[in-house]
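Novice: So here's final_25.txt (compact mmCIF, C-alpha atoms).
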```txt
# COMPACT_ATOMS: atom_id res chain seq x y z
CA MET A 1 92.52 67.27 153.83
CA ILE A 2 92.05 70.47 155.83
CA VAL A 3 89.66 73.07 154.39
CA ASN A 4 89.20 76.40 156.17
CA SER A 5 86.04 78.45 155.72
CA VAL A 6 88.11 81.37 154.44
CA VAL A 7 91.85 82.04 154.05
CA LEU A 8 92.35 85.78 153.61
CA LYS A 9 96.06 85.39 152.88
CA ARG A 10 95.21 83.50 149.68
CA THR A 11 93.02 86.37 148.47
CA PHE A 12 95.80 88.82 149.31
CA GLU A 13 98.39 86.77 147.44
CA LEU A 14 96.33 86.88 144.22
CA HIS A 15 97.34 90.56 143.87
CA LYS A 16 100.11 90.83 146.46
CA ALA A 17 102.36 93.19 144.50
CA ASP A 18 99.54 95.69 143.90
CA TYR A 19 98.51 95.67 147.56
CA GLU A 20 102.08 96.13 148.77
CA GLU A 21 102.66 99.02 146.37
CA ALA A 22 99.44 100.71 147.54
CA ALA A 23 100.27 100.34 151.24
CA LEU A 24 103.80 101.68 150.76
CA ARG A 25 102.52 104.56 148.65
CA ALA A 26 100.16 105.58 151.44
CA LEU A 27 102.85 105.18 154.10
CA ASN A 28 105.40 107.14 152.12
CA SER A 29 102.96 109.98 151.51
CA GLY A 30 103.24 111.08 155.14
CA TRP A 31 99.50 111.91 155.22
CA TYR A 32 97.30 109.31 156.90
CA ILE A 33 93.81 110.77 157.54
CA LEU A 34 91.44 112.48 155.06
CA GLY A 35 93.98 112.69 152.26
CA LYS A 36 94.31 111.93 148.56
CA GLU A 37 93.96 108.15 148.88
CA LEU A 38 90.52 108.46 150.47
CA GLU A 39 89.50 111.21 148.09
CA THR A 40 90.33 109.09 145.04
CA PHE A 41 88.76 105.93 146.50
CA GLU A 42 85.53 107.82 147.21
CA LYS A 43 85.52 109.11 143.64
CA GLU A 44 86.23 105.68 142.13
CA PHE A 45 83.66 103.84 144.26
CA ALA A 46 80.98 106.43 143.47
CA GLU A 47 81.78 106.15 139.76
CA TRP A 48 81.65 102.34 139.98
CA ALA A 49 78.15 102.57 141.48
CA GLY A 50 77.00 105.37 139.20
CA VAL A 51 76.11 107.78 142.02
CA LYS A 52 77.25 111.27 142.93
CA HIS A 53 78.72 110.72 146.37
CA CYS A 54 80.72 108.19 148.37
CA VAL A 55 81.76 109.05 151.93
CA GLY A 56 84.40 106.77 153.45
CA LEU A 57 83.94 105.77 157.09
CA ASN A 58 85.52 103.61 159.77
CA SER A 59 83.11 100.66 159.41
CA GLY A 60 79.85 99.44 157.93
CA THR A 61 78.20 99.74 161.34
CA ASP A 62 79.17 103.40 161.51
CA ALA A 63 77.76 103.82 158.01
CA LEU A 64 74.39 102.55 159.26
CA ILE A 65 74.47 104.71 162.40
CA LEU A 66 75.33 107.87 160.48
CA ALA A 67 72.83 107.11 157.70
CA VAL A 68 69.98 106.95 160.21
CA ARG A 69 71.28 110.07 161.99
CA ALA A 70 71.74 112.05 158.78
CA LEU A 71 68.11 111.34 157.87
CA GLY A 72 66.99 112.90 161.15
CA ILE A 73 65.60 109.67 162.60
CA GLY A 74 65.68 109.44 166.38
CA PRO A 75 63.69 108.86 169.59
CA GLY A 76 60.03 108.11 168.98
CA ASP A 77 60.67 107.02 165.38
CA GLU A 78 60.47 103.48 163.99
CA VAL A 79 62.60 101.80 161.32
CA ILE A 80 61.55 98.52 159.69
CA VAL A 81 64.36 95.94 159.65
CA PRO A 82 64.72 92.21 158.86
CA ALA A 83 64.44 89.76 161.75
CA ASN A 84 67.23 87.49 160.46
CA ALA A 85 70.14 89.82 159.73
CA TYR A 86 73.30 90.58 161.68
CA ILE A 87 72.80 92.87 164.66
CA ALA A 88 74.68 95.80 163.04
CA SER A 89 71.59 96.95 161.12
CA VAL A 90 69.63 97.06 164.39
CA ILE A 91 72.46 98.91 166.14
CA GLY A 92 72.24 101.54 163.39
CA VAL A 93 68.69 102.21 164.60
CA THR A 94 69.06 101.86 168.37
CA GLU A 95 72.22 103.98 168.55
CA ASN A 96 70.04 106.86 167.39
CA GLY A 97 67.34 106.19 169.98
CA ALA A 98 64.86 104.94 167.38
CA THR A 99 62.95 101.65 167.54
CA PRO A 100 63.54 98.73 165.16
CA VAL A 101 60.37 97.00 163.94
CA PHE A 102 61.10 93.48 162.75
CA VAL A 103 59.79 91.73 159.63
CA ASP A 104 60.31 88.00 159.14
CA ALA A 105 62.36 86.55 156.28
CA ASP A 106 60.99 84.80 153.20
CA GLU A 107 62.01 81.48 151.64
CA TYR A 108 64.92 83.26 149.88
CA MET A 109 66.40 84.27 153.27
CA GLU A 110 65.74 87.97 152.59
CA ILE A 111 63.29 90.34 154.32
CA ASP A 112 59.75 89.36 153.29
CA ALA A 113 58.73 92.38 151.22
CA ASP A 114 55.09 91.25 151.31
CA ARG A 115 55.05 91.62 155.11
CA ILE A 116 56.53 95.12 155.34
CA GLU A 117 53.41 97.18 154.76
CA GLU A 118 51.53 95.61 157.68
CA LYS A 119 54.24 96.86 160.06
CA ILE A 120 53.98 100.52 159.04
CA THR A 121 52.59 102.94 161.66
CA ASP A 122 52.41 106.71 161.96
CA ARG A 123 55.83 106.51 163.67
CA THR A 124 57.54 104.67 160.82
CA LYS A 125 60.21 106.79 159.19
CA ALA A 126 62.28 104.35 157.11
CA VAL A 127 62.71 100.82 155.78
CA LEU A 128 66.15 99.24 156.12
CA PRO A 129 66.49 96.05 154.02
CA VAL A 130 69.67 94.00 154.42
CA HIS A 131 70.86 92.33 151.20
CA LEU A 132 72.01 89.06 152.74
CA PHE A 133 74.64 86.56 151.56
CA GLY A 134 75.30 88.45 148.28
CA GLN A 135 71.71 88.64 147.04
CA SER A 136 69.62 91.78 146.62
CA SER A 137 66.33 92.00 148.49
CA ARG A 138 63.13 92.52 146.46
CA MET A 139 63.79 96.15 145.67
CA ASP A 140 60.86 96.60 143.28
CA LYS A 141 58.35 95.96 146.06
CA ILE A 142 60.36 97.75 148.75
CA THR A 143 60.89 100.95 146.76
CA GLU A 144 57.19 100.95 145.83
CA ILE A 145 56.21 100.72 149.52
CA CYS A 146 58.58 103.52 150.52
CA ARG A 147 57.28 105.75 147.73
CA LYS A 148 53.65 105.02 148.60
CA HIS A 149 54.08 105.82 152.31
CA GLY A 150 56.68 108.59 152.05
CA LEU A 151 59.34 106.58 153.88
CA LYS A 152 63.11 106.86 153.68
CA LEU A 153 64.97 103.87 152.24
CA ILE A 154 68.31 102.85 153.75
CA GLU A 155 70.07 99.87 152.16
CA ASP A 156 72.46 97.68 154.13
CA CYS A 157 74.83 96.49 151.40
CA ALA A 158 77.48 94.95 153.67
CA GLN A 159 77.35 91.59 151.85
CA CYS A 160 76.29 92.42 148.32
CA HIS A 161 78.87 94.62 146.57
CA GLY A 162 77.89 94.36 142.91
CA SER A 163 74.58 92.51 143.31
CA THR A 164 71.77 93.87 141.16
CA PHE A 165 67.99 93.69 141.08
CA ARG A 166 66.69 93.88 137.51
CA GLY A 167 70.04 95.31 136.46
CA LYS A 168 70.21 98.08 139.07
CA LEU A 169 72.98 97.97 141.69
CA THR A 170 72.17 97.53 145.34
CA GLY A 171 72.98 100.68 147.25
CA THR A 172 71.50 102.89 144.53
CA PHE A 173 67.77 102.31 145.07
CA GLY A 174 67.26 104.30 148.24
CA ASP A 175 68.16 107.55 149.89
CA ILE A 176 71.43 106.09 151.15
CA GLY A 177 73.37 102.84 150.73
CA CYS A 178 75.62 101.56 153.54
CA PHE A 179 78.67 99.40 152.82
CA SER A 180 81.06 97.41 154.97
CA PHE A 181 84.58 96.66 153.76
CA TYR A 182 85.34 94.13 156.49
CA PRO A 183 88.17 91.90 155.17
CA THR A 184 85.92 88.98 154.15
CA LYS A 185 83.50 91.10 152.06
CA PRO A 186 83.40 91.06 148.25
CA LEU A 187 85.37 94.31 148.48
CA GLY A 188 87.44 93.89 151.63
CA ALA A 189 89.88 96.14 153.42
CA PHE A 190 92.72 94.95 155.66
CA GLY A 191 90.93 96.03 158.81
CA ASP A 192 87.66 97.83 159.50
CA ALA A 193 86.31 100.25 156.90
CA GLY A 194 82.96 101.30 155.46
CA ALA A 195 81.21 103.90 153.35
CA ILE A 196 77.87 105.34 152.32
CA LEU A 197 76.66 106.02 148.79
CA THR A 198 74.05 108.62 147.91
CA ASP A 199 72.87 110.92 145.14
CA ASN A 200 71.63 113.43 147.70
CA ASP A 201 74.01 116.37 148.10
CA GLU A 202 72.66 117.38 151.52
CA LEU A 203 72.88 113.84 152.91
CA ALA A 204 76.46 113.42 151.69
CA ASP A 205 77.45 116.76 153.22
CA ARG A 206 75.83 115.86 156.53
CA VAL A 207 77.59 112.47 156.71
CA ARG A 208 80.92 114.16 155.95
CA LEU A 209 80.26 116.54 158.86
CA LEU A 210 79.14 113.75 161.18
CA ARG A 211 82.22 111.59 160.49
CA ASN A 212 84.66 114.38 161.40
CA TYR A 213 83.45 115.81 164.72
CA GLY A 214 80.75 117.86 162.97
CA SER A 215 83.50 119.97 161.43
CA ARG A 216 84.51 121.21 157.97
CA LEU A 217 87.27 123.45 159.32
CA LYS A 218 89.41 122.44 162.28
CA TYR A 219 87.97 123.65 165.61
CA ARG A 220 84.76 124.87 163.97
CA ASN A 221 82.16 122.28 164.99
CA GLU A 222 78.87 122.99 163.25
CA ILE A 223 76.91 119.97 164.56
CA ASN A 224 77.37 117.17 167.08
CA GLY A 225 79.59 114.72 165.26
CA VAL A 226 81.81 111.73 165.89
CA ASN A 227 85.17 110.42 164.70
CA THR A 228 84.63 107.69 162.11
CA ARG A 229 87.04 108.34 159.26
CA MET A 230 88.49 105.77 156.88
CA ASP A 231 92.28 105.97 157.06
CA GLU A 232 94.51 106.50 154.05
CA ILE A 233 96.09 103.03 154.07
CA GLN A 234 92.70 101.29 153.97
CA ALA A 235 91.56 103.60 151.17
CA ALA A 236 94.69 102.80 149.15
CA LEU A 237 94.18 99.05 149.63
CA LEU A 238 90.48 99.30 148.74
CA LYS A 239 91.36 100.93 145.42
CA VAL A 240 93.29 97.77 144.57
CA GLY A 241 90.39 95.60 145.72
CA LEU A 242 87.94 97.60 143.63
CA LYS A 243 90.15 97.05 140.58
CA TYR A 244 89.87 93.27 141.00
CA MET A 245 86.41 92.99 142.55
CA ALA A 246 84.72 91.77 139.37
CA GLU A 247 87.36 89.08 139.02
CA GLY A 248 86.74 87.88 142.57
CA THR A 249 82.98 87.94 142.06
CA ALA A 250 83.28 85.84 138.91
CA GLU A 251 85.35 83.28 140.81
CA ARG A 252 82.80 83.01 143.66
CA LYS A 253 79.99 82.64 141.12
CA ARG A 254 81.90 79.80 139.47
CA GLN A 255 82.38 78.10 142.83
CA ALA A 256 78.68 78.58 143.68
CA ALA A 257 77.71 77.01 140.36
CA LEU A 258 79.80 73.93 141.25
CA TYR A 259 78.05 73.63 144.60
CA GLN A 260 74.64 74.00 142.95
CA ALA A 261 75.40 71.43 140.26
CA GLU A 262 77.17 68.80 142.36
CA LEU A 263 75.71 68.89 145.88
CA LYS A 264 73.24 66.00 145.78
CA ASN A 265 72.54 65.24 149.44
CA PRO A 266 68.79 65.73 150.17
CA LYS A 267 69.64 66.49 153.83
CA VAL A 268 71.44 69.66 152.72
CA ILE A 269 69.12 72.30 151.26
CA ILE A 270 70.35 75.12 149.00
CA PRO A 271 67.99 78.11 149.36
CA PRO A 272 66.51 79.50 146.12
CA VAL A 273 67.63 82.73 144.44
CA TYR A 274 65.33 85.47 143.12
CA ALA A 275 65.06 85.26 139.32
CA GLU A 276 65.56 89.04 139.02
CA VAL A 277 68.80 89.09 141.04
CA ASP A 278 72.45 88.85 140.07
CA HIS A 279 73.81 87.07 143.16
CA VAL A 280 77.47 87.79 144.01
CA TYR A 281 77.82 84.96 146.58
CA HIS A 282 79.58 86.71 149.40
CA LEU A 283 78.56 83.55 151.24
CA PHE A 284 77.11 80.19 150.21
CA PRO A 285 74.45 79.26 152.79
CA VAL A 286 72.83 75.85 153.09
CA LEU A 287 70.18 74.62 155.55
CA VAL A 288 70.49 71.44 157.60
CA ASP A 289 67.97 70.10 160.14
CA ASP A 290 70.46 68.72 162.66
CA ARG A 291 73.14 71.38 162.34
CA GLU A 292 75.26 70.24 165.26
CA ALA A 293 75.59 66.72 163.85
CA PHE A 294 76.39 68.12 160.40
CA LEU A 295 79.05 70.50 161.76
CA ALA A 296 80.61 67.72 163.81
CA TYR A 297 80.75 65.50 160.71
CA LEU A 298 82.44 68.24 158.67
CA LYS A 299 84.92 68.90 161.47
CA GLU A 300 85.79 65.20 161.63
CA ASN A 301 86.62 65.44 157.92
CA GLY A 302 88.79 68.56 158.33
CA ILE A 303 86.27 71.10 157.03
CA SER A 304 85.69 74.42 158.82
CA THR A 305 82.51 76.39 158.18
CA GLN A 306 80.70 79.39 159.62
CA VAL A 307 77.16 79.94 160.88
CA HIS A 308 75.21 83.11 160.01
CA TYR A 309 73.52 84.05 162.34
CA PRO A 310 72.83 81.72 165.29
CA ILE A 311 71.11 84.32 167.50
CA PRO A 312 68.67 86.64 165.69
CA PRO A 313 68.85 90.28 166.82
CA TYR A 314 65.29 90.33 168.16
CA VAL A 315 66.30 87.83 170.89
CA ALA A 316 69.79 89.23 171.50
CA GLU A 317 70.65 89.47 175.19
CA CYS A 318 71.32 93.21 174.91
CA TYR A 319 67.72 93.76 173.73
CA ALA A 320 66.04 91.43 176.24
CA GLU A 321 63.69 94.20 177.42
CA TRP A 322 61.81 93.99 174.12
CA GLY A 323 60.38 90.66 175.19
CA TYR A 324 60.48 88.88 171.83
CA GLN A 325 60.39 85.08 171.66
CA TRP A 326 62.23 82.98 169.09
CA GLU A 327 59.07 81.81 167.36
CA ASP A 328 57.73 85.35 166.86
CA PHE A 329 59.52 85.19 163.50
CA PRO A 330 59.43 81.55 162.31
CA TYR A 331 61.59 81.87 159.19
CA ALA A 332 64.26 83.86 161.04
CA ALA A 333 64.25 81.28 163.84
CA ARG A 334 64.59 78.42 161.35
CA TYR A 335 67.53 80.02 159.56
CA ALA A 336 69.26 80.81 162.86
CA ARG A 337 69.03 77.13 163.82
CA GLN A 338 69.78 75.54 160.43
CA GLU A 339 72.11 77.83 158.40
CA VAL A 340 75.67 76.77 157.56
CA SER A 341 77.96 78.81 155.27
CA LEU A 342 80.20 76.63 153.12
CA PRO A 343 83.71 77.74 152.05
CA ILE A 344 83.61 80.19 149.13
CA TYR A 345 86.19 82.89 148.39
CA ALA A 346 88.62 84.08 145.74
CA GLY A 347 91.67 81.86 146.09
CA LEU A 348 89.86 78.71 147.24
CA PRO A 349 91.49 75.81 145.33
CA ASP A 350 89.17 73.60 143.27
CA GLU A 351 90.68 70.56 144.98
CA GLU A 352 89.37 71.79 148.33
CA LEU A 353 86.00 72.82 146.91
CA ARG A 354 85.44 69.39 145.36
CA TYR A 355 86.53 67.72 148.58
CA VAL A 356 83.84 69.70 150.46
CA ILE A 357 81.25 68.59 147.91
CA ASP A 358 82.31 64.95 148.16
CA VAL A 359 82.26 64.96 151.97
CA ILE A 360 78.79 66.58 152.08
CA ASN A 361 77.39 64.13 149.54
CA ARG A 362 78.52 61.27 151.81
CA TYR A 363 76.83 62.79 154.89
```
Give the structure from this file in structure tokens form.
Specialist:
Amino acid sequence: MIVNSVVLKRTFELHKADYEEAALRALNSGWYILGKELETFEKEFAEWAGVKHCVGLNSGTDALILAVRALGIGPGDEVIVPANAYIASVIGVTENGATPVFVDADEYMEIDADRIEEKITDRTKAVLPVHLFGQSSRMDKITEICRKHGLKLIEDCAQCHGSTFRGKLTGTFGDIGCFSFYPTKPLGAFGDAGAILTDNDELADRVRLLRNYGSRLKYRNEINGVNTRMDEIQAALLKVGLKYMAEGTAERKRQAALYQAELKNPKVIIPPVYAEVDHVYHLFPVLVDDREAFLAYLKENGISTQVHYPIPPYVAECYAEWGYQWEDFPYAARYARQEVSLPIYAGLPDEELRYVIDVINRY
């Protein structure tokens, strides 16, 4: 049997007619940038989250860059970030000339909230937790730290659409929440797309200016801006995805429960989940000591997987001047060397899921 890590066409085919109608509606409108489709998606996504503002953007990375910029963070400033996340959260900081300050992960594979406070200096301006794999970070502790020290809170919600901490949605704890709608996400577009959420009127207005050349009216450029607008077709498709997002989340949770109940191989470790979190299982990570041997075994049995993330951002080649070593952040280094993401997505047949479980149990 062949099992791919993700098959986007299967997810599309679950609601094919709705997606096709939305795409054709946007095409037939004759208006493709900053139109009614984006306006209504922004309204619906903000209402879903229970916040005042959603601003649609070209990508989740742009959401992070503009969030940092809208908060006035720049050269000489520091932003606290996790050592084990994807590089996009770090790019959000460095693209604004600010300095990322890394905090190691905890045993739950999230930023270690108990280690944040020791990294705060008089240059620290914000904390940027990344809710990894579909699980919220420890937002009680993180919001308390930000309040205590007068720091801005930027949430990277690229993997956790719908995850909650003690019943409160990720993306609604801080000053601004940043979302990616990359096709594999819990709410995925059919190309690149992203957004920010905020209750702050001034922040929302500034991001709207920044995304459109610093302009409200054509040729009147109030501030230095960029071009990072979500197009109308992606907005139309995302409205369909939002309609069915809860359904997809329920399916991934069911698949995750099967993995948790039936994976019995002691060589394959399932990381724990915070008791206070509703995990939406964007991914299903496991840890294996000899990852290369494990991956080769799965490949021999027709199973494709992914690895998140094999090179932590603090040792990325593009940031070599920082001089970090792998073991500066032991948990992050361990996860980078041991993590494997098993197949999990809406549309994955149970036959394939159970085959993966059986193959892993025989490893």
Novice: Quick one: distance from atom CA of Gly60 of chain A to atom CA of Gly92 of chain A in Å, one decimal?
Specialist: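 Going from atom CA of Gly60 of chain A over to atom CA of Gly92 of chain A, I get 9.6 Å.
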Novice: Find the residues near segment 147-158 of chain A: any atom within 8 Å, counting only C-alpha atoms, skip ones fewer than 3 places away on the same chain, and give them as a PDB file with C-alpha atoms, keeping the file's coordinate frame.
Specialist:
```pdb
ATOM      1  CA  GLY A  60      79.850  99.440 157.930  1.00  0.00           C
ATOM      2  CA  LEU A  64      74.390 102.550 159.260  1.00  0.00           C
ATOM      3  CA  ALA A  67      72.830 107.110 157.700  1.00  0.00           C
ATOM      4  CA  VAL A  68      69.980 106.950 160.210  1.00  0.00           C
ATOM      5  CA  LEU A  71      68.110 111.340 157.870  1.00  0.00           C
ATOM      6  CA  SER A  89      71.590  96.950 161.120  1.00  0.00           C
ATOM      7  CA  THR A 124      57.540 104.670 160.820  1.00  0.00           C
ATOM      8  CA  LYS A 125      60.210 106.790 159.190  1.00  0.00           C
ATOM      9  CA  ALA A 126      62.280 104.350 157.110  1.00  0.00           C
ATOM     10  CA  VAL A 127      62.710 100.820 155.780  1.00  0.00           C
ATOM     11  CA  LEU A 128      66.150  99.240 156.120  1.00  0.00           C
ATOM     12  CA  PRO A 129      66.490  96.050 154.020  1.00  0.00           C
ATOM     13  CA  VAL A 130      69.670  94.000 154.420  1.00  0.00           C
ATOM     14  CA  HIS A 131      70.860  92.330 151.200  1.00  0.00           C
ATOM     15  CA  THR A 143      60.890 100.950 146.760  1.00  0.00           C
ATOM     16  CA  GLU A 144      57.190 100.950 145.830  1.00  0.00           C
ATOM     17  CA  HIS A 161      78.870  94.620 146.570  1.00  0.00           C
ATOM     18  CA  THR A 170      72.170  97.530 145.340  1.00  0.00           C
ATOM     19  CA  GLY A 171      72.980 100.680 147.250  1.00  0.00           C
ATOM     20  CA  PHE A 173      67.770 102.310 145.070  1.00  0.00           C
ATOM     21  CA  GLY A 174      67.260 104.300 148.240  1.00  0.00           C
ATOM     22  CA  ASP A 175      68.160 107.550 149.890  1.00  0.00           C
ATOM     23  CA  ILE A 176      71.430 106.090 151.150  1.00  0.00           C
ATOM     24  CA  GLY A 177      73.370 102.840 150.730  1.00  0.00           C
ATOM     25  CA  CYS A 178      75.620 101.560 153.540  1.00  0.00           C
ATOM     26  CA  PHE A 179      78.670  99.400 152.820  1.00  0.00           C
ATOM     27  CA  SER A 180      81.060  97.410 154.970  1.00  0.00           C
ATOM     28  CA  PHE A 181      84.580  96.660 153.760  1.00  0.00           C
ATOM     29  CA  LYS A 185      83.500  91.100 152.060  1.00  0.00           C
TER      30      LYS A 185
END
```
Novice: Contacts of Ile360 of chain A at 10 Å or less, counting only C-alpha atoms, minus same-chain residues fewer than 6 places along, as a short mmCIF file (atom, residue, chain, number, x, y, z; two decimals) with C-alpha atoms, in the coordinates of the input?
Specialist:
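Writing the result to around-v5.cif gives the following:
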```cif
data_model
loop_
_atom_site.label_atom_id
_atom_site.label_comp_id
_atom_site.auth_asym_id
_atom_site.auth_seq_id
_atom_site.Cartn_x
_atom_site.Cartn_y
_atom_site.Cartn_z
CA LEU A 263 75.71 68.89 145.88
CA LYS A 264 73.24 66.00 145.78
CA ASN A 265 72.54 65.24 149.44
CA LYS A 267 69.64 66.49 153.83
CA VAL A 268 71.44 69.66 152.72
CA PHE A 294 76.39 68.12 160.40
CA TYR A 297 80.75 65.50 160.71
CA LEU A 298 82.44 68.24 158.67
CA ASN A 301 86.62 65.44 157.92
CA ARG A 354 85.44 69.39 145.36
#
```
Novice: What's the separation between atom CA of Val273 of chain A and atom CA of Glu251 of chain A, in Å to one decimal place?
Specialist: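 Going from atom CA of Val273 of chain A over to atom CA of Glu251 of chain A covers 18.1 Å.
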Novice: Which value, in Å to one decimal, gives the distance between atom CA of Val6 of chain A and atom CA of Ala346 of chain A?
Specialist: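 Taking atom CA of Val6 of chain A and atom CA of Ala346 of chain A, their separation equals 9.1 Å.
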Novice: Any idea what's packed within 10 Å of Thr40 of chain A, counting only C-alpha atoms, ignoring anything in its chain fewer than 6 positions away? Could you give it as a PyMOL selection string?
Specialist: chain A and resi 46+235-236+239
Novice: For the point (73.3, 91.9, 140.7) in the file's frame, write as a PyMOL selection string all residues with an atom no more than 7 Å away, counting all atoms listed in the file.
Specialist: chain A and resi 136+162-165+167+169+277-280
Novice: Counting all atoms listed in the file, what is within 10 Å of Asp106 of chain A, bar same-chain residues fewer than 2 positions away, as number ranges by chain?
Specialist: A: 84, 103-104, 108-115, 330-332
Novice: Set the distance at 12 Å and use all atoms listed in the file: which residues neighbour Gly72 of chain A once local chain neighbours fewer than 2 positions away are removed? I'd like the list as a list in words.
Specialist: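 Here the answer would be Ile65, Leu66, Ala67, Val68, Arg69, Ala70, Gly74, Pro75, Gly76, Asp77, Glu78, Val79, Val93, Asn96, Gly97, Ala98, Lys125, Ala126, Lys152, Leu203, Arg206 and Val207 of chain A.
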Novice: Nearest to Met230 of chain A among A:Phe12, A:Tyr259, A:Trp48, A:Phe190, with distances taken over all atoms listed in the file: which residue is it?
Specialist: A:Phe190
Novice: May I ask which of the residues A:Met245, A:Ala296, A:Ile80, A:Ala250 is the closest one to Gly188 of chain A, counting all atoms listed in the file?
Specialist: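 The closest residue to Gly188 of chain A is A:Met245.
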